$ cat entry.txt   # compact mmCIF, C-alpha atoms (C1' of nucleotides)
# COMPACT_ATOMS: atom_id res chain seq x y z
CA MET A 21 4.66 91.81 15.15
CA GLU A 22 8.38 91.81 15.93
CA HIS A 23 10.64 93.13 13.26
CA TYR A 24 14.37 93.20 12.82
CA LYS A 25 17.03 94.95 10.84
CA VAL A 26 19.43 92.81 8.86
CA GLY A 27 22.16 92.93 11.49
CA GLU A 28 19.75 92.01 14.25
CA ILE A 29 18.31 88.98 12.51
CA ALA A 30 21.76 87.87 11.37
CA GLU A 31 22.91 87.99 14.98
CA LYS A 32 19.79 86.18 16.18
CA ILE A 33 20.23 83.19 13.91
CA GLY A 34 24.00 83.29 13.84
CA VAL A 35 24.78 83.93 10.21
CA ASN A 36 26.64 86.61 8.34
CA ILE A 37 24.75 89.65 7.04
CA GLU A 38 26.11 88.91 3.59
CA THR A 39 24.50 85.50 3.75
CA LEU A 40 21.09 87.13 4.05
CA ARG A 41 21.73 89.23 0.97
CA TYR A 42 22.96 86.11 -0.79
CA TYR A 43 19.79 84.18 0.13
CA GLU A 44 17.75 87.02 -1.25
CA LYS A 45 19.74 86.98 -4.44
CA ILE A 46 19.24 83.26 -5.03
CA LYS A 47 15.57 83.66 -4.08
CA ILE A 48 15.53 81.21 -1.20
CA MET A 49 14.39 84.13 0.92
CA PRO A 50 11.74 86.55 -0.36
CA LYS A 51 12.53 90.22 -0.89
CA PRO A 52 11.98 91.82 2.48
CA LYS A 53 10.05 95.03 3.03
CA ARG A 54 12.12 98.16 3.37
CA MET A 55 12.13 101.17 5.64
CA GLU A 56 12.13 104.63 4.06
CA SER A 57 15.89 104.49 4.37
CA ARG A 58 15.90 101.35 2.20
CA TYR A 59 17.03 99.28 5.17
CA ARG A 60 15.63 95.74 5.04
CA ILE A 61 13.05 94.72 7.65
CA TYR A 62 12.51 91.10 8.65
CA ASP A 63 9.71 89.58 10.74
CA GLU A 64 9.00 86.41 12.72
CA LEU A 65 8.15 84.45 9.60
CA ASP A 66 11.50 85.31 8.07
CA LEU A 67 13.13 84.21 11.30
CA LYS A 68 11.40 80.84 11.15
CA ARG A 69 12.27 80.40 7.53
CA LEU A 70 15.91 81.17 8.19
CA LEU A 71 16.10 78.78 11.13
CA PHE A 72 14.63 76.09 8.94
CA ILE A 73 17.11 76.78 6.17
CA LYS A 74 19.99 76.70 8.60
CA ARG A 75 19.02 73.41 10.13
CA ALA A 76 18.06 71.78 6.84
CA LYS A 77 21.49 72.68 5.54
CA GLU A 78 23.09 70.99 8.51
CA LEU A 79 20.97 67.94 7.75
CA GLY A 80 22.53 67.69 4.32
CA PHE A 81 20.00 69.35 2.05
CA THR A 82 21.28 71.71 -0.59
CA LEU A 83 19.83 75.20 -0.84
CA LYS A 84 18.08 74.06 -4.00
CA GLU A 85 16.42 71.18 -2.17
CA ILE A 86 15.48 73.40 0.75
CA LYS A 87 13.85 75.82 -1.65
CA GLU A 88 11.80 72.91 -2.98
CA LEU A 89 10.79 71.81 0.49
CA LEU A 90 9.72 75.33 1.35
CA ASN A 91 7.74 75.67 -1.84
CA ILE A 92 5.90 72.39 -1.69
CA LYS A 93 2.61 74.01 -0.84
CA ILE A 94 2.87 77.05 -3.09
CA GLU A 95 3.17 75.18 -6.37
CA SER A 96 -0.25 76.25 -7.55
CA THR A 97 0.50 75.25 -11.12
CA ALA A 98 0.91 71.64 -10.11
CA THR A 99 -2.13 69.60 -9.26
CA CYS A 100 -2.55 68.42 -5.73
CA GLY A 101 -1.65 64.92 -6.93
CA ASP A 102 1.64 66.07 -8.36
CA VAL A 103 2.59 67.80 -5.17
CA LYS A 104 1.63 64.69 -3.27
CA HIS A 105 3.77 62.51 -5.49
CA LEU A 106 6.78 64.73 -5.04
CA ALA A 107 6.28 65.06 -1.32
CA GLU A 108 6.20 61.27 -1.16
CA ASN A 109 9.60 61.10 -2.81
CA LYS A 110 11.09 63.58 -0.36
CA LEU A 111 9.57 61.47 2.36
CA THR A 112 11.24 58.30 1.14
CA ASP A 113 14.54 60.12 0.97
CA ILE A 114 14.16 61.40 4.51
CA GLU A 115 13.16 58.01 5.84
CA GLU A 116 16.31 56.52 4.38
CA ARG A 117 18.41 59.23 5.92
CA ILE A 118 16.89 58.53 9.29
CA LYS A 119 17.51 54.82 8.88
CA ASP A 120 21.18 55.29 8.01
CA LEU A 121 21.73 57.84 10.75
CA LYS A 122 20.28 55.35 13.20
CA SER A 123 22.74 52.73 11.99
CA ILE A 124 25.62 55.09 12.54
CA LYS A 125 24.17 55.99 15.90
CA ASN A 126 24.04 52.35 16.95
CA VAL A 127 27.69 51.86 16.16
CA LEU A 128 28.60 54.93 18.16
CA VAL A 129 26.46 53.78 21.06
CA LYS A 130 28.31 50.50 21.11
CA LEU A 131 31.60 52.30 20.91
CA VAL A 132 30.67 54.55 23.81
CA ASN A 133 29.21 51.86 26.02
CA GLN A 134 31.74 49.15 25.56
CA CYS A 135 34.68 51.31 24.74
CA VAL A 136 35.80 48.68 22.31
CA CYS A 137 38.39 50.92 20.76
CA GLU A 138 41.33 49.00 22.11
CA GLU A 139 39.92 45.66 21.17
CA LEU A 140 39.54 46.21 17.48
CA SER A 141 42.19 45.55 14.94
CA THR A 142 43.00 48.49 12.75
CA ASP A 143 41.50 46.70 9.84
CA GLU A 144 38.01 46.26 11.14
CA CYS A 145 36.21 49.53 11.55
CA PRO A 146 32.71 48.79 12.83
CA ILE A 147 31.29 51.92 11.28
CA LEU A 148 31.95 50.63 7.80
CA GLU A 149 29.29 48.00 8.22
CA VAL A 150 26.42 50.42 8.63
CA ILE A 151 25.73 51.23 5.03
CA ASP A 152 23.81 48.61 3.16
CA PRO A 153 25.40 48.41 -0.30
CA LYS A 154 22.05 47.31 -1.71
CA THR A 155 20.66 50.79 -1.09
CA LYS A 156 20.68 52.38 -4.48
CA SER A 157 21.55 56.00 -4.95
CA LEU A 158 18.41 57.95 -5.74
CA LYS A 159 20.17 60.85 -7.30
CA GLY A 160 18.73 62.37 -10.45
CA GLY A 161 15.18 61.33 -9.64
CA ASP A 162 12.12 63.49 -9.22
CA THR A 163 12.47 66.86 -7.74
CA ILE A 164 9.72 69.00 -6.34
CA MET B 24 39.59 38.68 -2.01
CA GLU B 25 37.99 40.72 -4.79
CA HIS B 26 40.05 43.51 -6.17
CA TYR B 27 39.32 46.34 -8.53
CA LYS B 28 41.10 48.84 -10.69
CA VAL B 29 40.31 52.48 -10.18
CA GLY B 30 37.84 52.63 -13.03
CA GLU B 31 36.02 49.53 -11.86
CA ILE B 32 35.54 50.71 -8.31
CA ALA B 33 34.57 54.18 -9.48
CA GLU B 34 31.88 52.61 -11.65
CA LYS B 35 30.75 50.33 -8.85
CA ILE B 36 30.11 53.12 -6.38
CA GLY B 37 29.13 55.71 -8.95
CA VAL B 38 31.80 58.35 -8.55
CA ASN B 39 34.36 59.89 -10.84
CA ILE B 40 37.83 58.36 -11.06
CA GLU B 41 39.28 61.74 -10.21
CA THR B 42 37.32 61.73 -6.99
CA LEU B 43 39.21 58.63 -5.88
CA ARG B 44 42.51 60.30 -6.53
CA TYR B 45 41.24 63.35 -4.68
CA TYR B 46 40.20 61.28 -1.66
CA GLU B 47 43.65 59.76 -1.62
CA LYS B 48 45.21 63.18 -1.74
CA ILE B 49 43.21 64.53 1.19
CA LYS B 50 43.87 61.27 3.05
CA ILE B 51 40.27 60.25 3.61
CA MET B 52 41.18 57.10 1.69
CA PRO B 53 44.43 55.26 2.38
CA LYS B 54 47.05 54.87 -0.32
CA PRO B 55 46.04 51.77 -2.23
CA LYS B 56 48.40 49.00 -3.22
CA ARG B 57 49.72 49.13 -6.77
CA MET B 58 50.21 46.64 -9.56
CA GLU B 59 53.62 46.42 -11.22
CA SER B 60 52.27 48.87 -13.75
CA ARG B 61 51.61 51.35 -10.92
CA TYR B 62 47.86 50.96 -11.40
CA ARG B 63 45.94 51.31 -8.13
CA ILE B 64 44.22 48.23 -6.71
CA TYR B 65 41.22 48.46 -4.39
CA ASP B 66 39.59 45.74 -2.31
CA GLU B 67 36.29 45.08 -0.52
CA LEU B 68 37.32 47.16 2.48
CA ASP B 69 37.97 50.15 0.24
CA LEU B 70 34.58 49.59 -1.32
CA LYS B 71 32.89 49.66 2.07
CA ARG B 72 34.79 52.72 3.10
CA LEU B 73 33.81 54.54 -0.08
CA LEU B 74 30.16 53.59 0.29
CA PHE B 75 30.24 54.92 3.82
CA ILE B 76 31.85 58.16 2.71
CA LYS B 77 29.31 58.59 -0.05
CA ARG B 78 26.33 58.05 2.18
CA ALA B 79 27.69 60.10 5.06
CA LYS B 80 28.19 62.96 2.64
CA GLU B 81 24.55 62.70 1.60
CA LEU B 82 23.62 62.79 5.27
CA GLY B 83 25.29 66.16 5.62
CA PHE B 84 28.68 65.35 7.05
CA THR B 85 31.69 67.10 5.61
CA LEU B 86 34.67 65.09 4.44
CA LYS B 87 36.51 66.34 7.49
CA GLU B 88 33.80 65.01 9.80
CA ILE B 89 33.64 61.73 7.93
CA LYS B 90 37.36 61.33 8.35
CA GLU B 91 36.89 61.81 12.09
CA LEU B 92 34.11 59.25 12.20
CA LEU B 93 36.24 56.76 10.33
CA ASN B 94 39.19 57.36 12.60
CA ILE B 95 37.40 57.13 15.90
CA LYS B 96 38.87 53.77 16.74
CA ILE B 97 42.34 54.31 15.35
CA GLU B 98 43.25 57.29 17.51
CA SER B 99 45.76 55.33 19.49
CA THR B 100 47.34 58.47 20.91
CA ALA B 101 44.11 59.40 22.63
CA THR B 102 43.08 57.56 25.71
CA CYS B 103 40.02 55.39 25.54
CA GLY B 104 38.23 57.99 27.65
CA ASP B 105 38.97 60.75 25.18
CA VAL B 106 37.70 58.72 22.30
CA LYS B 107 34.62 57.94 24.30
CA HIS B 108 34.00 61.58 25.06
CA LEU B 109 34.31 62.56 21.43
CA ALA B 110 32.16 59.70 20.23
CA GLU B 111 29.53 60.85 22.69
CA ASN B 112 29.50 64.27 21.10
CA LYS B 113 29.08 62.83 17.63
CA LEU B 114 26.29 60.76 19.05
CA THR B 115 24.45 63.78 20.41
CA ASP B 116 24.81 65.50 17.08
CA ILE B 117 23.42 62.50 15.25
CA GLU B 118 20.52 62.12 17.65
CA GLU B 119 19.54 65.71 17.01
CA ARG B 120 19.73 65.20 13.29
CA ILE B 121 17.43 62.23 13.57
CA LYS B 122 15.00 64.19 15.72
CA ASP B 123 14.80 67.08 13.26
CA LEU B 124 14.51 64.80 10.25
CA LYS B 125 11.62 63.10 11.99
CA SER B 126 9.92 66.46 12.46
CA ILE B 127 10.27 67.22 8.78
CA LYS B 128 9.05 63.74 8.01
CA ASN B 129 5.93 64.25 10.10
CA VAL B 130 5.03 67.39 8.22
CA LEU B 131 5.51 65.64 4.91
CA VAL B 132 3.41 62.71 6.06
CA LYS B 133 0.60 65.08 6.94
CA LEU B 134 0.98 66.81 3.62
CA VAL B 135 0.82 63.52 1.76
CA ASN B 136 -2.07 62.05 3.72
CA GLN B 137 -4.31 65.03 3.96
CA CYS B 138 -3.21 66.77 0.82
CA VAL B 139 -3.64 70.03 2.61
CA CYS B 140 -1.85 71.99 -0.05
CA GLU B 141 -4.94 73.77 -1.27
CA GLU B 142 -6.16 74.61 2.17
CA LEU B 143 -3.22 76.59 3.41
CA SER B 144 -2.75 80.26 2.89
CA THR B 145 0.47 81.20 1.18
CA ASP B 146 1.69 82.70 4.39
CA GLU B 147 1.53 79.67 6.60
CA CYS B 148 3.98 77.02 5.53
CA PRO B 149 3.63 74.03 7.87
CA ILE B 150 7.21 73.01 7.40
CA LEU B 151 8.47 76.16 9.05
CA GLU B 152 7.16 74.97 12.38
CA VAL B 153 9.40 71.92 12.59
CA ILE B 154 12.54 73.48 13.92
CA ASP B 155 12.49 74.35 17.56
CA PRO B 156 14.26 77.70 17.94
CA LYS B 157 15.27 76.70 21.47
CA THR B 158 17.71 74.19 20.01
CA LYS B 159 21.05 75.89 20.32
CA SER B 160 23.66 75.64 17.63
CA LEU B 161 26.47 73.39 18.78
CA LYS B 162 29.00 74.62 16.27
CA GLY B 163 32.56 75.09 17.37
CA GLY B 164 32.45 72.37 19.97
CA ASP B 165 34.61 69.29 20.31
CA THR B 166 35.77 67.52 17.24
CA ILE B 167 37.22 64.07 17.05
C1' DA C 30 51.31 44.21 -33.97
C1' DT C 31 48.66 47.90 -33.68
C1' DA C 32 44.55 50.42 -32.52
C1' DA C 33 41.47 51.41 -28.85
C1' DT C 34 40.92 51.83 -24.10
C1' DA C 35 42.57 52.54 -19.22
C1' DT C 36 45.60 54.50 -16.11
C1' DC C 37 49.36 57.55 -14.57
C1' DA C 38 50.75 62.34 -12.39
C1' DG C 39 50.29 67.06 -12.26
C1' DT C 40 47.87 71.18 -12.92
C1' DA C 41 43.93 74.03 -13.87
C1' DG C 42 39.11 74.99 -13.82
C1' DT C 43 34.21 74.75 -11.86
C1' DA C 44 29.90 74.89 -8.85
C1' DG C 45 27.86 75.78 -4.57
C1' DA C 46 27.77 78.51 -0.64
C1' DG C 47 29.21 81.88 1.24
C1' DT C 48 32.56 86.12 2.85
C1' DA C 49 35.09 90.40 2.33
C1' DC C 50 35.70 95.01 0.64
C1' DG C 51 34.81 99.79 -0.49
C1' DG C 52 32.58 103.99 -0.98
C1' DA C 53 28.18 106.19 -0.06
C1' DG C 54 23.87 106.97 2.54
C1' DT C 55 21.41 106.67 7.39
C1' DC C 56 20.72 106.85 12.36
C1' DA C 57 21.52 107.85 17.29
C1' DA C 58 24.38 109.77 20.98
C1' DG C 59 26.90 113.35 22.75
C1' DC D 21 26.19 118.81 13.89
C1' DT D 22 29.62 115.65 13.92
C1' DT D 23 31.32 110.98 15.01
C1' DG D 24 30.69 106.10 15.19
C1' DA D 25 27.91 102.27 14.13
C1' DC D 26 24.79 100.37 10.79
C1' DT D 27 23.21 99.55 6.17
C1' DC D 28 23.22 100.06 1.17
C1' DC D 29 24.92 97.88 -3.43
C1' DG D 30 28.10 95.81 -6.56
C1' DT D 31 32.03 93.25 -7.22
C1' DA D 32 35.68 90.28 -6.06
C1' DC D 33 37.56 86.82 -3.35
C1' DT D 34 37.55 82.22 -0.57
C1' DC D 35 36.74 77.41 0.64
C1' DT D 36 35.13 72.73 -0.20
C1' DA D 37 34.60 69.14 -3.07
C1' DC D 38 35.13 67.90 -6.98
C1' DT D 39 36.01 67.61 -12.48
C1' DA D 40 38.60 68.31 -16.67
C1' DC D 41 42.73 68.31 -19.38
C1' DT D 42 47.34 66.83 -20.94
C1' DG D 43 50.86 64.00 -22.60
C1' DA D 44 53.01 59.79 -21.25
C1' DT D 45 52.69 54.61 -20.14
C1' DA D 46 50.05 50.19 -19.82
C1' DT D 47 46.70 46.83 -21.12
C1' DT D 48 43.36 44.66 -24.07
C1' DA D 49 40.89 43.46 -28.28
C1' DT D 50 41.15 42.38 -33.06
$ encode --input "entry.txt" --output "structure tokens"
Amino acid sequence: MEHYKVGEIAEKIGVNIETLRYYEKIKIMPKPKRMESRYRIYDELDLKRLLFIKRAKELGFTLKEIKELLNIKIESTATCGDVKHLAENKLTDIEERIKDLKSIKNVLVKLVNQCVCEELSTDECPILEVIDPKTKSLKGGDTI
Amino acid sequence: MEHYKVGEIAEKIGVNIETLRYYEKIKIMPKPKRMESRYRIYDELDLKRLLFIKRAKELGFTLKEIKELLNIKIESTATCGDVKHLAENKLTDIEERIKDLKSIKNVLVKLVNQCVCEELSTDECPILEVIDPKTKSLKGGDTI
DNA sequence: ATAATATCAGTAGTAGAGTACGGAGTCAAG
DNA sequence: CTTGACTCCGTACTCTACTACTGATATTAT
């Protein structure tokens, strides 16, 4: 099994070393094993976890939410049904994100293909039409 | 045309009044018209813009990026070709977001349908497999 | 007309997510 | 066996995106 020192893994995923210590502190990353010198050692699983965290952040999840996503299966206190229920909520959230991103994408596609930029009055920005006002905010609902 | 006072529109979209003043300050929202009393007045277009900002934020865009998205068509200094080029980059970014969200979605669907939570060892978290490490980070590229 | 409520502008404070700094211990090359 | 690079830990600082507070006007309800 590959293993890395903190500087190596930081380099590999493109984050600051301090970020790794920070993730450890807020418990989104587990405490890594240590060498005799107390240097941290990371493995492939840590690498995967960090890549997931990085991308999920870019996709708009908070570290708190990412922690929940990563812990979905470990919640041994919850019944399988509970976990299922919560996973379903995350799923709904993600489906809505995909839907809205697709709407934005469509507008950009039109913009790129037709190059309509000159033809639009300053007042009508096509991108404003993509969000359906009927979509209610789901904030404050269930969390996993 | 409908119009709203700051408190009304804040209520309508579910943000703090101060947030509206903040958005005005950082110029992501235009300066609104005023009543004789100097009270701000917002209209339907402002409402749409604010809904877009709110949702785009939830989708992981920064206010800076959202500003760029909203200004894509107004950049009259840029040639149509430039705008097109930049819109294409945004498009690529969004397509990748959709792709990765779909991967996460698939894992959650499996989780929900098969309720595999009990069957997995603590070590193997299915969600960690969704991000393809070959995907390079595109940070620092073009911005609009 | 007057109390309660809303808005004004400016400034200060907060939460989340890092990022930097400093002095000490560790390792690897010359 | 020392010099330079790496890592350790704790603490302090930064940046983004708000959020709160204040004392002064403005509007609205009774």
$ closest_residue --input "entry.txt" --among "D:DT27, D:DT47, D:DT22, D:DT42" --to "C:DA53" --atoms "only C-alpha atoms (C1' of nucleotides)"
D:DT27
$ atom_distance --input "entry.txt" --atom1 "atom CA of A:Glu31" --atom2 "atom CA of B:Lys80"
28.4 Å
$ interface_residues --input "entry.txt" --of "chain C" --to "chain A" --cutoff "10 Å" --atoms "all atoms listed in the file" --output "mmCIF file with C-alpha atoms (C1' of nucleotides), keeping the file's coordinate frame"
data_model
loop_
_atom_site.group_PDB
_atom_site.id
_atom_site.type_symbol
_atom_site.label_atom_id
_atom_site.label_comp_id
_atom_site.auth_asym_id
_atom_site.auth_seq_id
_atom_site.Cartn_x
_atom_site.Cartn_y
_atom_site.Cartn_z
ATOM 1 C "C1'" DG C 45 27.860 75.780 -4.570
ATOM 2 C "C1'" DA C 46 27.770 78.510 -0.640
ATOM 3 C "C1'" DG C 47 29.210 81.880 1.240
ATOM 4 C "C1'" DT C 48 32.560 86.120 2.850
ATOM 5 C "C1'" DA C 49 35.090 90.400 2.330
ATOM 6 C "C1'" DG C 54 23.870 106.970 2.540
ATOM 7 C "C1'" DT C 55 21.410 106.670 7.390
ATOM 8 C "C1'" DC C 56 20.720 106.850 12.360
#
$ closest_residue --input "entry.txt" --among "B:Val132, B:Ile32, B:Met24, B:Met58" --to "chain D" --atoms "only C-alpha atoms (C1' of nucleotides)"
B:Met58
$ closest_residue --input "entry.txt" --among "D:DT34, D:DA44, D:DC29, D:DA49" --to "chain A" --atoms "only C-alpha atoms (C1' of nucleotides)"
D:DC29
$ atom_distance --input "entry.txt" --atom1 "atom CA of B:Glu81" --atom2 "atom CA of A:Gly80"
6.0 Å
$ interface_residues --input "entry.txt" --of "chain D" --to "chain B" --cutoff "9 Å" --atoms "all atoms listed in the file" --output "count of residues only"
6
$ atom_distance --input "entry.txt" --atom1 "atom CA of B:Ile121" --atom2 "atom CA of A:Ile118"
5.7 Å
$ closest_residue --input "entry.txt" --among "B:Lys50, B:Lys90, B:His26, B:Arg44" --to "chain A" --atoms "all atoms listed in the file"
B:Lys90
